[in-house]
file start08.csv (CSV, C-alpha atoms)
chain,number,residue,atom,x,y,z
A,560,MET,CA,33.4,-103.3,139.4
A,561,VAL,CA,31.4,-102.7,136.2
A,562,HIS,CA,32.9,-100.1,133.8
A,563,LEU,CA,29.9,-97.8,133.6
A,564,LYS,CA,29.0,-95.6,130.6
A,565,PRO,CA,28.3,-91.9,131.3
A,566,LEU,CA,24.6,-92.1,130.7
A,567,TYR,CA,24.3,-95.1,133.1
A,568,ILE,CA,26.0,-93.1,135.8
A,569,LEU,CA,23.5,-90.3,135.4
A,570,VAL,CA,20.6,-92.8,135.6
A,571,ILE,CA,22.0,-94.3,138.8
A,572,LEU,CA,22.5,-90.9,140.3
A,573,PHE,CA,19.0,-90.0,139.5
A,574,LEU,CA,17.7,-93.1,141.2
A,575,CYS,CA,19.8,-92.6,144.2
A,576,MET,CA,18.8,-89.0,144.7
A,577,ALA,CA,15.1,-89.5,144.0
A,578,PRO,CA,12.9,-89.2,147.1
A,579,SER,CA,10.4,-91.9,147.8
A,580,THR,CA,7.3,-89.7,147.3
A,581,SER,CA,5.0,-90.1,144.4
A,582,ASP,CA,6.3,-86.9,142.8
A,583,ALA,CA,9.9,-88.1,142.9
A,584,LYS,CA,10.6,-87.4,139.3
A,585,GLU,CA,9.7,-83.7,139.7
A,586,GLN,CA,12.2,-83.3,142.6
A,587,ILE,CA,15.3,-84.8,140.9
A,588,ASN,CA,18.1,-82.2,140.8
A,589,LEU,CA,21.5,-82.8,139.1
A,590,LYS,CA,24.5,-80.5,138.9
A,591,LEU,CA,27.4,-81.2,136.6
A,592,VAL,CA,30.6,-79.2,135.7
A,593,CYS,CA,32.3,-79.5,132.3
A,594,PHE,CA,36.0,-78.8,133.0
A,595,GLY,CA,38.3,-78.0,130.1
A,596,ASP,CA,40.0,-75.6,127.7
A,597,SER,CA,38.7,-73.5,124.8
A,598,VAL,CA,36.9,-76.4,123.3
A,599,THR,CA,34.8,-76.6,126.4
A,600,GLY,CA,34.5,-72.8,126.9
A,601,VAL,CA,32.1,-70.5,125.0
A,602,TYR,CA,34.1,-68.8,122.2
A,603,TYR,CA,33.7,-67.7,118.6
A,604,HIS,CA,33.8,-71.3,117.2
A,605,THR,CA,30.3,-72.1,118.4
A,606,GLY,CA,28.8,-68.6,117.9
A,607,GLY,CA,29.7,-67.1,121.2
A,608,ARG,CA,26.5,-68.0,123.1
A,609,ARG,CA,26.8,-71.6,124.2
A,610,ALA,CA,28.9,-74.8,123.8
A,611,TYR,CA,28.7,-78.5,124.4
A,612,THR,CA,28.0,-78.0,128.1
A,613,ASP,CA,24.7,-76.5,127.1
A,614,MET,CA,24.1,-79.4,124.7
A,615,VAL,CA,24.7,-82.0,127.5
A,616,LYS,CA,22.1,-80.2,129.6
A,617,ILE,CA,19.6,-80.2,126.7
A,618,GLY,CA,20.3,-83.8,125.9
A,619,MET,CA,19.7,-84.8,129.5
A,620,GLU,CA,16.6,-82.8,129.8
A,621,ASN,CA,15.3,-84.4,126.6
A,622,THR,CA,15.9,-87.8,128.2
A,623,TYR,CA,14.6,-86.8,131.6
A,624,PRO,CA,12.1,-84.0,131.0
A,625,GLU,CA,10.9,-83.9,134.7
A,626,SER,CA,14.4,-83.3,136.0
A,627,THR,CA,16.3,-80.2,136.9
A,628,ILE,CA,19.8,-80.1,135.3
A,629,THR,CA,22.4,-77.5,136.3
A,630,ALA,CA,25.3,-77.5,133.8
A,631,ILE,CA,28.3,-75.3,134.6
A,632,ASN,CA,30.9,-74.4,131.9
A,633,ALA,CA,34.4,-74.4,133.4
A,634,GLY,CA,36.3,-74.1,130.1
A,635,ILE,CA,39.0,-71.5,129.6
A,636,SER,CA,41.0,-70.8,126.4
A,637,GLY,CA,44.6,-71.9,126.4
A,638,ASN,CA,44.4,-74.0,129.5
A,639,THR,CA,46.4,-77.1,130.2
A,640,THR,CA,46.1,-79.5,133.1
A,641,VAL,CA,48.6,-77.3,134.9
A,642,ASP,CA,46.2,-74.4,134.7
A,643,ALA,CA,43.3,-76.7,135.6
A,644,LEU,CA,44.9,-77.6,138.9
A,645,ARG,CA,45.4,-73.9,139.8
A,646,ARG,CA,41.7,-73.2,139.4
A,647,ILE,CA,39.9,-76.4,140.2
A,648,ASP,CA,38.9,-75.4,143.7
A,649,LYS,CA,37.1,-72.2,142.6
A,650,ASP,CA,35.8,-73.3,139.2
A,651,VAL,CA,34.8,-76.9,139.9
A,652,LEU,CA,34.9,-78.1,143.5
A,653,ALA,CA,33.2,-75.0,145.0
A,654,HIS,CA,30.1,-75.9,143.0
A,655,ASN,CA,29.8,-79.3,144.7
A,656,PRO,CA,28.8,-81.1,141.5
A,657,GLN,CA,27.6,-84.7,141.3
A,658,ILE,CA,29.4,-85.1,138.0
A,659,VAL,CA,32.5,-83.6,136.5
A,660,THR,CA,33.5,-84.1,132.8
A,661,ILE,CA,37.2,-83.6,132.2
A,662,MET,CA,38.6,-82.7,128.7
A,663,PHE,CA,42.1,-81.4,128.4
A,664,GLY,CA,45.0,-82.3,126.0
A,665,LEU,CA,45.0,-80.0,123.0
A,666,ASN,CA,47.1,-77.4,124.8
A,667,ASP,CA,49.0,-80.0,127.0
A,668,MET,CA,50.4,-81.6,123.9
A,669,THR,CA,52.2,-78.3,123.0
A,670,ARG,CA,53.8,-77.7,126.4
A,671,VAL,CA,53.1,-80.4,129.0
A,672,SER,CA,55.0,-83.7,128.9
A,673,LEU,CA,53.0,-87.0,128.7
A,674,ASP,CA,54.1,-88.0,132.2
A,675,ASP,CA,53.1,-84.7,133.7
A,676,TYR,CA,49.8,-84.8,131.7
A,677,ARG,CA,49.0,-88.2,133.2
A,678,ALA,CA,50.0,-87.1,136.7
A,679,ASN,CA,47.9,-83.9,136.5
A,680,LEU,CA,44.9,-85.8,135.3
A,681,ILE,CA,45.2,-88.2,138.2
A,682,THR,CA,45.3,-85.3,140.7
A,683,ILE,CA,42.3,-83.7,139.1
A,684,ILE,CA,40.4,-86.9,139.3
A,685,GLU,CA,41.3,-87.5,142.9
A,686,LYS,CA,40.2,-84.0,143.9
A,687,CYS,CA,36.8,-84.5,142.2
A,688,GLN,CA,36.4,-87.9,143.8
A,689,ALA,CA,37.2,-86.4,147.2
A,690,ILE,CA,34.0,-84.4,147.1
A,691,LYS,CA,32.1,-87.5,146.0
A,692,ALA,CA,31.7,-86.4,142.4
A,693,GLU,CA,31.5,-88.9,139.6
A,694,VAL,CA,34.2,-88.3,136.9
A,695,ILE,CA,33.8,-88.8,133.2
A,696,LEU,CA,37.1,-88.6,131.3
A,697,CYS,CA,36.8,-87.2,127.8
A,698,THR,CA,39.4,-87.5,125.0
A,699,PRO,CA,39.8,-84.3,122.9
A,700,ASN,CA,38.4,-84.1,119.4
A,701,SER,CA,40.6,-84.8,116.4
A,702,VAL,CA,42.2,-81.8,114.7
A,703,ARG,CA,43.7,-80.7,111.4
A,704,ASP,CA,47.3,-82.0,111.3
A,705,THR,CA,49.7,-79.1,111.8
A,706,SER,CA,53.3,-78.7,112.9
A,707,SER,CA,52.1,-77.5,116.4
A,708,ARG,CA,49.6,-80.3,116.8
A,709,PRO,CA,50.6,-83.3,114.7
A,710,THR,CA,48.0,-86.1,114.8
A,711,ALA,CA,50.6,-88.7,115.8
A,712,LYS,CA,51.5,-86.7,118.9
A,713,LEU,CA,47.8,-85.9,119.8
A,714,GLU,CA,47.1,-89.7,119.7
A,715,GLN,CA,49.7,-90.2,122.4
A,716,TYR,CA,47.8,-87.8,124.7
A,717,VAL,CA,44.5,-89.5,123.8
A,718,ALA,CA,46.0,-92.8,124.7
A,719,VAL,CA,46.8,-91.5,128.2
A,720,VAL,CA,43.2,-90.6,128.8
A,721,ARG,CA,42.0,-94.0,127.5
A,722,ASP,CA,44.5,-95.8,129.7
A,723,LEU,CA,43.6,-93.9,132.8
A,724,ALA,CA,39.9,-94.5,132.2
A,725,LYS,CA,40.6,-98.3,132.0
A,726,GLU,CA,43.1,-98.3,134.9
A,727,LEU,CA,40.9,-96.3,137.3
A,728,ASN,CA,37.6,-97.8,136.1
A,729,LEU,CA,36.2,-94.5,135.0
A,730,PRO,CA,33.6,-93.9,132.3
A,731,LEU,CA,35.2,-92.6,129.0
A,732,ALA,CA,33.6,-90.3,126.5
A,733,ASP,CA,35.9,-91.0,123.5
A,734,CYS,CA,35.3,-87.8,121.5
A,735,TYR,CA,38.5,-88.4,119.5
A,736,ALA,CA,37.1,-91.7,118.3
A,737,THR,CA,33.8,-90.1,117.5
A,738,PHE,CA,35.4,-87.5,115.3
A,739,GLN,CA,37.9,-89.9,113.7
A,740,GLU,CA,35.2,-92.3,112.7
A,741,ILE,CA,33.5,-89.5,110.8
A,742,ARG,CA,36.8,-88.3,109.3
A,743,GLU,CA,37.8,-91.7,108.1
A,744,ASN,CA,34.4,-92.4,106.5
A,745,ASP,CA,33.9,-88.9,105.0
A,746,PRO,CA,36.6,-86.2,105.3
A,747,LEU,CA,34.2,-83.5,104.0
A,748,GLU,CA,31.7,-84.4,106.6
A,749,TRP,CA,34.4,-84.1,109.3
A,750,ALA,CA,35.3,-80.7,107.9
A,751,PHE,CA,31.7,-79.5,108.4
A,752,LEU,CA,32.1,-80.1,112.1
A,753,MET,CA,35.2,-77.9,112.5
A,754,SER,CA,35.3,-74.2,112.9
A,755,ASP,CA,39.1,-73.9,112.6
A,756,GLU,CA,42.2,-76.1,112.9
A,757,ILE,CA,41.4,-77.4,116.4
A,758,HIS,CA,37.9,-76.2,117.5
A,759,PRO,CA,34.7,-77.9,116.6
A,760,ASN,CA,31.8,-75.7,115.6
A,761,MET,CA,28.4,-76.1,117.2
A,762,ASP,CA,27.5,-79.1,115.1
A,763,GLY,CA,30.8,-80.6,116.4
A,764,HIS,CA,29.8,-79.7,120.0
A,765,LYS,CA,26.6,-81.5,119.6
A,766,ARG,CA,28.5,-84.6,118.6
A,767,ILE,CA,30.7,-84.2,121.8
A,768,ALA,CA,27.6,-83.9,123.9
A,769,GLU,CA,26.0,-87.0,122.3
A,770,THR,CA,29.3,-88.9,123.0
A,771,ILE,CA,29.3,-87.8,126.7
A,772,ILE,CA,25.7,-88.8,127.5
A,773,ARG,CA,25.5,-91.7,124.9
A,774,SER,CA,22.5,-90.0,123.4
A,775,GLU,CA,20.4,-92.4,121.3
A,776,SER,CA,19.0,-89.5,119.2
A,777,PRO,CA,20.6,-86.3,117.8
A,778,ILE,CA,20.8,-83.3,120.1
A,779,ASP,CA,19.8,-80.5,117.7
A,780,PRO,CA,18.1,-77.5,119.4
A,781,PRO,CA,17.4,-74.4,117.4
A,782,ALA,CA,19.7,-71.3,117.6
A,783,PRO,CA,19.1,-69.1,120.7
A,784,GLN,CA,16.5,-66.3,120.3
A,785,PRO,CA,16.4,-63.4,120.0
A,786,VAL,CA,19.3,-63.4,117.5
A,787,ILE,CA,20.2,-59.7,118.0
A,788,PRO,CA,20.0,-58.9,121.7
A,789,HIS,CA,22.5,-56.1,121.5
A,790,THR,CA,20.8,-54.4,118.6
A,791,LEU,CA,17.4,-54.8,120.2
A,792,LEU,CA,18.7,-53.1,123.4
A,793,LYS,CA,19.9,-50.1,121.3
A,794,ILE,CA,16.5,-49.9,119.7
A,795,ALA,CA,14.7,-50.1,123.1
A,796,THR,CA,16.9,-47.3,124.5
A,797,LYS,CA,16.8,-45.2,121.3
A,798,LYS,CA,20.5,-45.2,121.1
A,799,PRO,CA,22.6,-45.0,117.9
A,800,ILE,CA,23.2,-48.4,116.1
A,801,ASN,CA,26.5,-49.0,114.4
A,802,ILE,CA,26.3,-51.6,111.6
A,803,LEU,CA,28.9,-53.3,109.4
A,804,ALA,CA,27.2,-54.7,106.4
A,805,MET,CA,28.4,-56.6,103.4
A,806,GLU,CA,27.5,-55.2,100.0
A,807,PRO,CA,24.8,-54.6,98.9
A,808,TYR,CA,23.0,-54.7,102.3
A,809,ASP,CA,24.7,-51.4,103.3
A,810,THR,CA,22.3,-49.7,100.8
A,811,ILE,CA,19.3,-51.8,101.8
A,812,LEU,CA,19.4,-51.7,105.6
A,813,PRO,CA,19.0,-47.9,106.1
A,814,ASN,CA,15.4,-48.1,104.8
A,815,VAL,CA,14.7,-51.2,106.9
A,816,PHE,CA,15.9,-49.5,110.1
A,817,LYS,CA,14.0,-46.3,109.4
A,818,LYS,CA,10.9,-48.5,109.8
A,819,VAL,CA,11.8,-50.8,112.6
A,820,ALA,CA,13.9,-48.4,114.6
A,821,PRO,CA,12.8,-44.8,113.7
A,822,ASP,CA,14.1,-43.4,116.9
A,823,SER,CA,17.6,-44.9,116.8
A,824,PRO,CA,20.2,-43.2,114.5
A,825,VAL,CA,21.8,-45.8,112.3
A,826,ASN,CA,25.4,-45.6,111.1
A,827,ILE,CA,26.3,-48.2,108.4
A,828,THR,CA,29.8,-49.1,107.2
A,829,ALA,CA,30.0,-50.9,103.9
A,830,TRP,CA,32.0,-54.2,103.8
A,831,PRO,CA,33.1,-54.5,100.1
A,832,VAL,CA,32.7,-58.1,98.9
A,833,ILE,CA,31.3,-57.9,95.4
A,834,GLY,CA,33.8,-59.2,92.9
A,835,LYS,CA,36.1,-60.5,95.7
A,836,SER,CA,37.5,-64.0,96.0
A,837,LEU,CA,36.7,-66.0,99.2
A,838,SER,CA,40.4,-65.6,100.2
A,839,GLU,CA,40.2,-61.8,99.9
A,840,ILE,CA,37.0,-61.7,101.9
A,841,GLU,CA,38.6,-63.9,104.6
A,842,THR,CA,41.7,-61.6,104.7
A,843,ALA,CA,39.4,-58.6,105.1
A,844,ALA,CA,37.4,-60.3,107.9
A,845,LYS,CA,40.5,-60.5,110.1
A,846,THR,CA,40.4,-56.7,110.7
A,847,SER,CA,36.8,-55.8,109.7
A,848,ALA,CA,34.7,-56.4,112.8
A,849,ARG,CA,36.6,-57.0,116.1
A,850,GLY,CA,37.4,-53.9,118.1
A,851,LYS,CA,35.5,-51.6,115.7
A,852,GLY,CA,32.6,-50.8,118.0
A,853,TYR,CA,29.9,-52.3,115.9
A,854,ASP,CA,26.5,-53.3,117.4
A,855,LEU,CA,25.6,-55.5,114.4
A,856,VAL,CA,27.6,-57.2,111.7
A,857,PHE,CA,25.5,-58.3,108.7
A,858,LEU,CA,26.9,-61.1,106.5
A,859,ASP,CA,26.1,-62.5,103.1
A,860,VAL,CA,29.1,-63.9,101.3
A,861,PRO,CA,28.4,-63.9,97.6
A,862,ALA,CA,28.1,-67.3,96.1
A,863,GLU,CA,30.2,-66.0,93.2
A,864,ALA,CA,33.3,-65.7,95.5
A,865,GLU,CA,35.9,-68.1,94.1
A,866,SER,CA,37.5,-70.8,96.2
A,867,GLU,CA,40.1,-73.5,95.4
A,868,SER,CA,38.1,-76.5,96.6
A,869,SER,CA,35.2,-77.7,98.7
A,870,ILE,CA,37.5,-78.2,101.7
A,871,THR,CA,39.1,-74.8,101.2
A,872,PHE,CA,35.7,-73.2,100.9
A,873,ILE,CA,34.6,-74.7,104.2
A,874,GLN,CA,37.8,-73.5,105.9
A,875,ARG,CA,37.7,-69.9,104.5
A,876,TYR,CA,34.0,-69.5,105.0
A,877,SER,CA,34.3,-70.7,108.6
A,878,TRP,CA,37.0,-68.1,109.3
A,879,ILE,CA,34.9,-65.3,107.8
A,880,LEU,CA,32.2,-66.3,110.4
A,881,ASN,CA,34.8,-66.6,113.1
A,882,TYR,CA,36.5,-63.3,112.5
A,883,SER,CA,33.1,-61.5,112.4
A,884,LEU,CA,32.3,-62.7,116.0
A,885,SER,CA,33.9,-61.5,119.3
A,886,PHE,CA,36.5,-63.9,120.6
A,887,GLY,CA,34.5,-65.1,123.6
A,888,TYR,CA,30.9,-64.5,124.7
A,889,GLN,CA,28.9,-62.5,122.2
A,890,GLU,CA,29.8,-58.8,122.5
A,891,TRP,CA,27.9,-57.7,119.4
A,892,ASP,CA,25.3,-59.3,117.1
A,893,VAL,CA,26.1,-61.1,113.9
A,894,VAL,CA,23.3,-61.7,111.4
A,895,THR,CA,23.6,-63.9,108.2
A,896,ALA,CA,21.3,-64.0,105.2
A,897,HIS,CA,20.5,-67.2,103.4
A,898,PRO,CA,23.0,-67.5,100.5
A,899,THR,CA,20.1,-67.5,98.0
A,900,LEU,CA,18.5,-64.3,99.3
A,901,ILE,CA,20.6,-62.1,97.0
A,902,SER,CA,23.3,-64.2,95.4
A,903,ALA,CA,23.2,-66.6,92.4
A,904,SER,CA,21.2,-69.7,93.2
A,905,ASP,CA,21.6,-72.0,90.2
A,906,GLY,CA,24.1,-74.0,88.2
A,907,ASP,CA,27.6,-74.1,89.8
A,908,TYR,CA,26.4,-72.1,92.8
A,909,ILE,CA,23.9,-74.7,94.2
A,910,THR,CA,26.6,-76.7,96.0
A,911,LYS,CA,28.3,-73.6,97.3
A,912,ASN,CA,25.0,-72.3,98.7
A,913,GLN,CA,24.2,-75.6,100.3
A,914,HIS,CA,27.7,-75.6,101.9
A,915,ALA,CA,27.3,-72.0,103.1
A,916,ALA,CA,23.9,-72.6,104.6
A,917,ARG,CA,25.2,-75.7,106.5
A,918,LEU,CA,28.2,-73.8,107.9
A,919,ILE,CA,26.0,-70.9,109.0
A,920,ARG,CA,23.7,-73.3,110.9
A,921,ALA,CA,26.7,-75.2,112.2
A,922,GLN,CA,28.0,-72.0,113.8
A,923,ASP,CA,24.7,-71.7,115.7
A,924,PHE,CA,23.4,-68.8,113.6
A,925,SER,CA,19.9,-68.1,112.5
A,926,MET,CA,19.5,-67.2,108.8
A,927,ILE,CA,17.3,-64.6,107.2
A,928,GLU,CA,15.3,-66.4,104.5
A,929,ARG,CA,12.7,-65.3,102.0
A,930,GLN,CA,9.3,-66.8,103.1
A,931,GLY,CA,7.5,-66.2,99.8
A,932,SER,CA,7.6,-63.7,96.9
A,933,GLU,CA,8.5,-60.7,99.0
A,934,THR,CA,11.4,-58.4,98.0
A,935,ILE,CA,14.8,-58.5,99.8
A,936,GLU,CA,13.8,-55.3,101.7
A,937,GLU,CA,10.5,-56.8,102.7
A,938,THR,CA,12.2,-60.0,103.8
A,939,LEU,CA,14.6,-58.0,106.0
A,940,LEU,CA,11.8,-55.9,107.4
A,941,LEU,CA,9.7,-58.9,108.3
A,942,TRP,CA,12.7,-60.6,110.0
A,943,PHE,CA,13.7,-57.6,112.1
A,944,SER,CA,10.1,-57.0,113.0
A,945,GLU,CA,9.8,-60.5,114.3
A,946,GLN,CA,12.9,-60.0,116.4
A,947,LEU,CA,11.3,-56.9,117.9
A,948,LYS,CA,8.2,-58.9,118.8
A,949,LEU,CA,10.4,-61.4,120.7
A,950,THR,CA,11.6,-58.5,122.9
A,951,SER,CA,8.1,-57.2,123.5
A,952,LYS,CA,7.0,-60.6,124.7
A,953,LYS,CA,9.5,-60.6,127.6
call {"tool": "encode", "arguments": {"input": "start08.csv", "output": "C-alpha cells"}}
result
Amino acid sequence: MVHLKPLYILVILFLCMAPSTSDAKEQINLKLVCFGDSVTGVYYHTGGRRAYTDMVKIGMENTYPESTITAINAGISGNTTVDALRRIDKDVLAHNPQIVTIMFGLNDMTRVSLDDYRANLITIIEKCQAIKAEVILCTPNSVRDTSSRPTAKLEQYVAVVRDLAKELNLPLADCYATFQEIRENDPLEWAFLMSDEIHPNMDGHKRIAETIIRSESPIDPPAPQPVIPHTLLKIATKKPINILAMEPYDTILPNVFKKVAPDSPVNITAWPVIGKSLSEIETAAKTSARGKGYDLVFLDVPAEAESESSITFIQRYSWILNYSLSFGYQEWDVVTAHPTLISASDGDYITKNQHAARLIRAQDFSMIERQGSETIEETLLLWFSEQLKLTSKK
C-alpha cells in the first residue's frame, strides 16, 4: 500500500465523494476534525479568534475553491492522549468526519510514559478508523528547551509518532521537522513563529497548516474583521466602554470616541509605559488586562523601551501581547498601533519597529497605521470610523 501524503488523501476523498453530474465540483463536501491540545485549540497565542484548524480550511478552499470544507477544532489546553480518549466520542467521532488530524505530545511528555503515549495513540487511531475516517498523524512543533520540556525528551515522543505513521502506513505531517528546519537555518526566524515557550503564534500555525495539507503556496489570509467586535457592540447598544490604553493614547482616545461613539460613556485607564523598559512593561502586562472588565485594550509599546537582545525583545514583546488577551477565545478587544505611529522611527529604532510590526501581525492582529499626513488623532478617528462601517454593512 502506498504511503499517501495528506493532500493526496484529500484529493482522493474528493474524487470518491464527487457525484457523476456535470456540477460535481460544486457538490463536494468534506468534514475534518483537528484533535489535539492547546496548540490545536484557540487560545491567546494566536490572537484568540482562530488557529491552524482554520488555516487548514482556508488552504483547502484555496486549492479547491468550489468545495465546501467543514473544519472542527477539537483542541483543549493541557490535554494528553489520556484526556483525548475520555472525550474522543463526543468531540471527534460524533461529528462523523472524513478526516481526523491528531496532534498530542507536548503535555504527554510531562506526565504520560512513552509506552502509554504510543498505546493511547493507537487506540485513538483505531477509534477513528472504525468510523471510516482517514487519520493524519502530526508531530508537535519544536519548543524552547526548558527543564519541563527538554528537547531531547520531546524528540523521543516525536519518534513515537513517526514510527507509528510508518508502522501503520498513515500519512504524517511532521510539524516538528518543519519547525526544526527553520530553527537550524535561522534561530531568529524560528523565534518569530513562537508566541511563548511552547505555543506557535498565528504565523507558526500557518506553517502547521501548510505542513498538514502540503500546501505549495503560503497560507496567509488577513486578520479577521471587524477587529473590535466587543467595542462595536457597546457602541451599537450605547453602553459604557471601558478602555485600558498605553500612554499617551489614554489622552488621545477620549476625543476620538466623542466623535465615533457620542452616545456611549467612555472610561479610560492609563497604562504607564513611557520611560519603562520592555521587561517592566511585560511584568505590568501580567496583571493589567485580564479580569479587569475592559472592553478594549489599546497597545503601542514604545520603541524606546530597552531590551537585552533581539531574541529577548521577541519573547518579551510576545508576552505583552499574550497577557493583553484573554486566555481562550477573545473576550475583549485588543488593538495595536503601528510602532511608528507615535514612537521613534529612525536610527536604532528601525529594527525594533520592524520586529514589533512583524510580531503584531504574527499574533493575528490588525495594526492602525497612518495613511498619509494626517495627525495621530485623525488616524485613529479614520480607523475607528472604518470599523463602524464594517458593522453597518452587516
call {"tool": "closest_residue", "arguments": {"input": "start08.csv", "among": "A:Gln930, A:Ile909, A:Asn744, A:Phe751", "to": "Ile870 (chain A)", "atoms": "all atoms listed in the file"}}
result
A:Phe751
call {"tool": "closest_residue", "arguments": {"input": "start08.csv", "among": "A:Thr846, A:Thr682, A:Thr895, A:Gln889", "to": "Gly607 (chain A)", "atoms": "all atoms listed in the file"}}
result
A:Gln889
call {"tool": "residues_around", "arguments": {"input": "start08.csv", "residues": "region 830-842 of chain A", "least_positions_apart": "6", "cutoff": "6 Å", "atoms": "all atoms listed in the file", "output": "count of residues only"}}
result
7
call {"tool": "closest_atom_pairs", "arguments": {"input": "start08.csv", "of": "region 698-735 of chain A", "to": "region 659-677 of chain A", "cutoff": "8 Å", "atoms": "only C-alpha atoms", "output": "tab-separated table"}}
result
residue	atom	partner	partner_atom	distance
A:Thr698	CA	A:Met662	CA	6.1
A:Pro699	CA	A:Met662	CA	6.1
A:Ser707	CA	A:Thr669	CA	6.6
A:Arg708	CA	A:Thr669	CA	7.0
A:Lys712	CA	A:Met668	CA	7.2
A:Leu713	CA	A:Met668	CA	6.5
A:Gln715	CA	A:Leu673	CA	7.8
A:Tyr716	CA	A:Gly664	CA	6.3
A:Val717	CA	A:Gly664	CA	7.5
A:Val719	CA	A:Arg677	CA	6.4
A:Val720	CA	A:Arg677	CA	7.7
A:Leu723	CA	A:Arg677	CA	7.9
call {"tool": "atom_distance", "arguments": {"input": "start08.csv", "atom1": "CA of Ser869 (chain A)", "atom2": "CA of Tyr808 (chain A)"}}
result
26.3 Å
call {"tool": "closest_residue", "arguments": {"input": "start08.csv", "among": "A:Thr627, A:Leu591, A:Glu936, A:Glu685", "to": "Asp650 (chain A)", "atoms": "all atoms listed in the file"}}
result
A:Leu591
call {"tool": "closest_residue", "arguments": {"input": "start08.csv", "among": "A:Ile935, A:Ala921, A:Ile658, A:Ile927", "to": "Ile901 (chain A)", "atoms": "all atoms listed in the file"}}
result
A:Ile935
call {"tool": "closest_atom_pairs", "arguments": {"input": "start08.csv", "of": "region 892-923 of chain A", "to": "region 753-769 of chain A", "cutoff": "9 Å", "atoms": "all atoms listed in the file", "output": "Markdown table"}}
result
| residue | atom | partner | partner_atom | distance |
| --- | --- | --- | --- | --- |
| A:Leu918 | CA | A:Ser754 | CA | 8.7 |
| A:Arg920 | CA | A:Asp762 | CA | 8.1 |
| A:Ala921 | CA | A:Asp762 | CA | 4.9 |
| A:Gln922 | CA | A:Met761 | CA | 5.3 |
| A:Asp923 | CA | A:Met761 | CA | 5.9 |
call {"tool": "closest_residue", "arguments": {"input": "start08.csv", "among": "A:Pro746, A:Ile811, A:Leu652, A:Lys818", "to": "Lys686 (chain A)", "atoms": "all atoms listed in the file"}}
result
A:Leu652
call {"tool": "atom_distance", "arguments": {"input": "start08.csv", "atom1": "CA of Asp822 (chain A)", "atom2": "CA of Lys797 (chain A)"}}
result
5.5 Å
call {"tool": "closest_residue", "arguments": {"input": "start08.csv", "among": "A:Ile787, A:Lys817, A:Pro709, A:Asn801", "to": "Leu949 (chain A)", "atoms": "all atoms listed in the file"}}
result
A:Ile787
call {"tool": "atom_distance", "arguments": {"input": "start08.csv", "atom1": "CA of Pro624 (chain A)", "atom2": "CA of Met926 (chain A)"}}
result
28.8 Å
